[in-house]
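Student: One structure follows; several queries about it will come next.
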Number of protein chains: 2
Amino acid sequence: MHYEDLINSVKQRRDMLNVTQEMLADLSGVGLRTLKQFESGKGNPTVETLQKLGDALGLELNFRVKNLIAE
Amino acid sequence: MHYEDLINSVKQRRDMLNVTQEMLADLSGVGLRTLKQFESGKGNPTVETLQKLGDALGLELNFRVKNLIAE
DNA sequence: ATAAAAAGAGCCATGTAATGCACTATGAAG
DNA sequence: CTTCATAGTGCATTACATGGCTCTTTTTAT
């Protein structure tokens, strides 16, 4: 999963739940500015930021073994 | 997946591949100091750092929808 | 027991993530 | 076209992640 996929996971999930950036910022405890930067692809967030967002959205961050065959 | 699970994913995978911290630091392009901090649970790495480590170990970072029932 | 390898920690400099505030851009509804 | 909600950007500040160096601790092998 590339970085953009992480971004899209958050965006899509947020849209699916009908939550605005402002609401998600409040719910997750992540600053609105930080969330905006993340979603617009500008940042290099820390794992803590990702986990806060994930927690608020019911997503969990994990490492998966890559499938080398079906890239 | 909690933060410790991310750490353990890297440690276990590194051990499985018989790679030292020093080797992984070189392979991934992550500083040895940073890797040591991460594995010893001290840090709050950026997603870039996690992805570099993942790339070198054949792991990919992703968001999964949480299963609320079987926590 | 001891030596070598690997892992962890302190110190420090540099870069940048996080954040608030104010402003702009985009988009939808009237 | 205007208005309102939502999303994106510039700027400045603070906090901390990164990474090299050195030293200590732990683990492993002989």
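By order in the structure tokens, chains are A, B, ...; within a chain, residues start at 1; ligands start at 1, following the order shown.
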Among the residues of chain B, find those DSSP assigns to helix (DSSP H, G or I) from the backbone and print them as number ranges by chain.

Tutor: B: 3-16, 21-28, 32-39, 47-57

Student: Dump as a Markdown table the rows for residues of chain A within 9 Å of chain D: closest atom pair and distance in Å with one decimal, only C-alpha atoms (C1' of nucleotides) counted, ordered by chain and rising residue number.

Tutor:
| residue | atom | partner | partner_atom | distance |
| --- | --- | --- | --- | --- |
| A:Thr20 | CA | D:DT6 | C1' | 7.4 |
| A:Gln21 | CA | D:DA7 | C1' | 8.0 |
| A:Glu22 | CA | D:DT6 | C1' | 8.8 |
| A:Lys36 | CA | D:DG8 | C1' | 7.1 |
| A:Gln37 | CA | D:DG8 | C1' | 8.1 |
| A:Ser40 | CA | D:DG8 | C1' | 7.5 |
| A:Thr46 | CA | D:DA17 | C1' | 8.7 |

Student: Apply DSSP to the backbone of this structure and, from chain A, keep only the residues in strand (DSSP E); write these as a PyMOL selection string.

Tutor: chain A and resi 59-65

Student: Could you tell me which residues of chain A sit within 8 Å of chain C when counting only C-alpha atoms (C1' of nucleotides), and give me the result as a PyMOL selection string?

Tutor: chain A and resi 31+33-34+43-46

Student: Take the residues that were just selected and, keeping N, CA and C atoms, output them as a PDB file, in the first residue's frame.

Tutor:
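Just written: selection31.pdb:
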ATOM      1  N   GLY A  31      -4.977  18.017  14.893  1.00  0.00           N
ATOM      2  CA  GLY A  31      -5.246  19.395  14.492  1.00  0.00           C
ATOM      3  C   GLY A  31      -5.827  19.461  13.095  1.00  0.00           C
ATOM      4  N   ARG A  33      -5.398  21.624  10.820  1.00  0.00           N
ATOM      5  CA  ARG A  33      -4.344  21.933   9.852  1.00  0.00           C
ATOM      6  C   ARG A  33      -3.584  20.677   9.440  1.00  0.00           C
ATOM      7  N   THR A  34      -3.326  19.841  10.412  1.00  0.00           N
ATOM      8  CA  THR A  34      -2.585  18.604  10.164  1.00  0.00           C
ATOM      9  C   THR A  34      -3.387  17.651   9.284  1.00  0.00           C
ATOM     10  N   GLY A  43       1.918  15.986   3.467  1.00  0.00           N
ATOM     11  CA  GLY A  43       2.684  15.716   4.687  1.00  0.00           C
ATOM     12  C   GLY A  43       3.441  14.413   4.742  1.00  0.00           C
ATOM     13  N   ASN A  44       4.031  14.215   5.868  1.00  0.00           N
ATOM     14  CA  ASN A  44       4.718  12.987   6.222  1.00  0.00           C
ATOM     15  C   ASN A  44       4.385  12.736   7.677  1.00  0.00           C
ATOM     16  N   PRO A  45       3.139  12.365   7.924  1.00  0.00           N
ATOM     17  CA  PRO A  45       2.648  12.346   9.305  1.00  0.00           C
ATOM     18  C   PRO A  45       3.360  11.319  10.164  1.00  0.00           C
ATOM     19  N   THR A  46       3.268  11.507  11.437  1.00  0.00           N
ATOM     20  CA  THR A  46       3.813  10.516  12.358  1.00  0.00           C
ATOM     21  C   THR A  46       2.790   9.405  12.538  1.00  0.00           C
TER      22      THR A  46
END

Student: Have a look at atom CA of Glu39 of chain A and atom CA of Val19 of chain A and let me know their distance in Å, one decimal.

Tutor: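 Taking atom CA of Glu39 of chain A and atom CA of Val19 of chain A, their separation equals 13.5 Å.
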
Student: Give the residues of chain A that lie within 9 Å of chain B; count only C-alpha atoms, and format the answer as a list in words.

Tutor: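 Within 9 Å of chain B on chain A, we get Met1, His2, Tyr3, Asp5, Leu6, Ser9, Val10, Asn44, Pro45, Thr46, Val47, Glu48, Leu50, Gln51, Gly54, Asp55, Leu57, Gly58, Leu59, Glu60, Leu61, Asn62, Phe63, Arg64, Val65, Lys66, Asn67 and Leu68 of chain A.
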
Student: With C-alpha atoms retained, export the selected residues as an mmCIF file, in the first residue's frame.

Tutor:
data_model
loop_
_atom_site.group_PDB
_atom_site.id
_atom_site.type_symbol
_atom_site.label_atom_id
_atom_site.label_comp_id
_atom_site.auth_asym_id
_atom_site.auth_seq_id
_atom_site.Cartn_x
_atom_site.Cartn_y
_atom_site.Cartn_z
ATOM 1 C CA MET A 1 0.000 0.000 0.000
ATOM 2 C CA HIS A 2 1.469 3.273 -1.046
ATOM 3 C CA TYR A 3 1.170 6.496 0.768
ATOM 4 C CA ASP A 5 -3.633 4.601 -0.464
ATOM 5 C CA LEU A 6 -3.331 5.555 3.188
ATOM 6 C CA SER A 9 -8.403 5.110 3.078
ATOM 7 C CA VAL A 10 -8.967 8.030 5.381
ATOM 8 C CA ASN A 44 4.718 12.987 6.222
ATOM 9 C CA PRO A 45 2.648 12.346 9.305
ATOM 10 C CA THR A 46 3.813 10.516 12.358
ATOM 11 C CA VAL A 47 2.394 7.146 13.242
ATOM 12 C CA GLU A 48 0.652 8.751 16.182
ATOM 13 C CA LEU A 50 -2.272 8.131 11.644
ATOM 14 C CA GLN A 51 -3.402 6.099 14.599
ATOM 15 C CA GLY A 54 -7.636 5.533 12.383
ATOM 16 C CA ASP A 55 -9.093 5.246 15.862
ATOM 17 C CA LEU A 57 -12.644 6.167 11.834
ATOM 18 C CA GLY A 58 -12.547 2.537 12.903
ATOM 19 C CA LEU A 59 -9.420 1.830 10.908
ATOM 20 C CA GLU A 60 -6.323 0.184 12.184
ATOM 21 C CA LEU A 61 -2.821 0.567 10.885
ATOM 22 C CA ASN A 62 -0.850 -2.577 10.236
ATOM 23 C CA PHE A 63 1.992 -4.172 8.382
ATOM 24 C CA ARG A 64 1.156 -6.938 5.964
ATOM 25 C CA VAL A 65 3.529 -9.260 4.281
ATOM 26 C CA LYS A 66 3.746 -8.184 0.659
ATOM 27 C CA ASN A 67 2.592 -10.478 -2.044
ATOM 28 C CA LEU A 68 5.482 -10.477 -4.446
#

Student: How far is it from atom CA of Gly41 of chain A to atom CA of Arg14 of chain A, in Å with one decimal?

Tutor: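 These atoms are spaced 15.6 Å apart.
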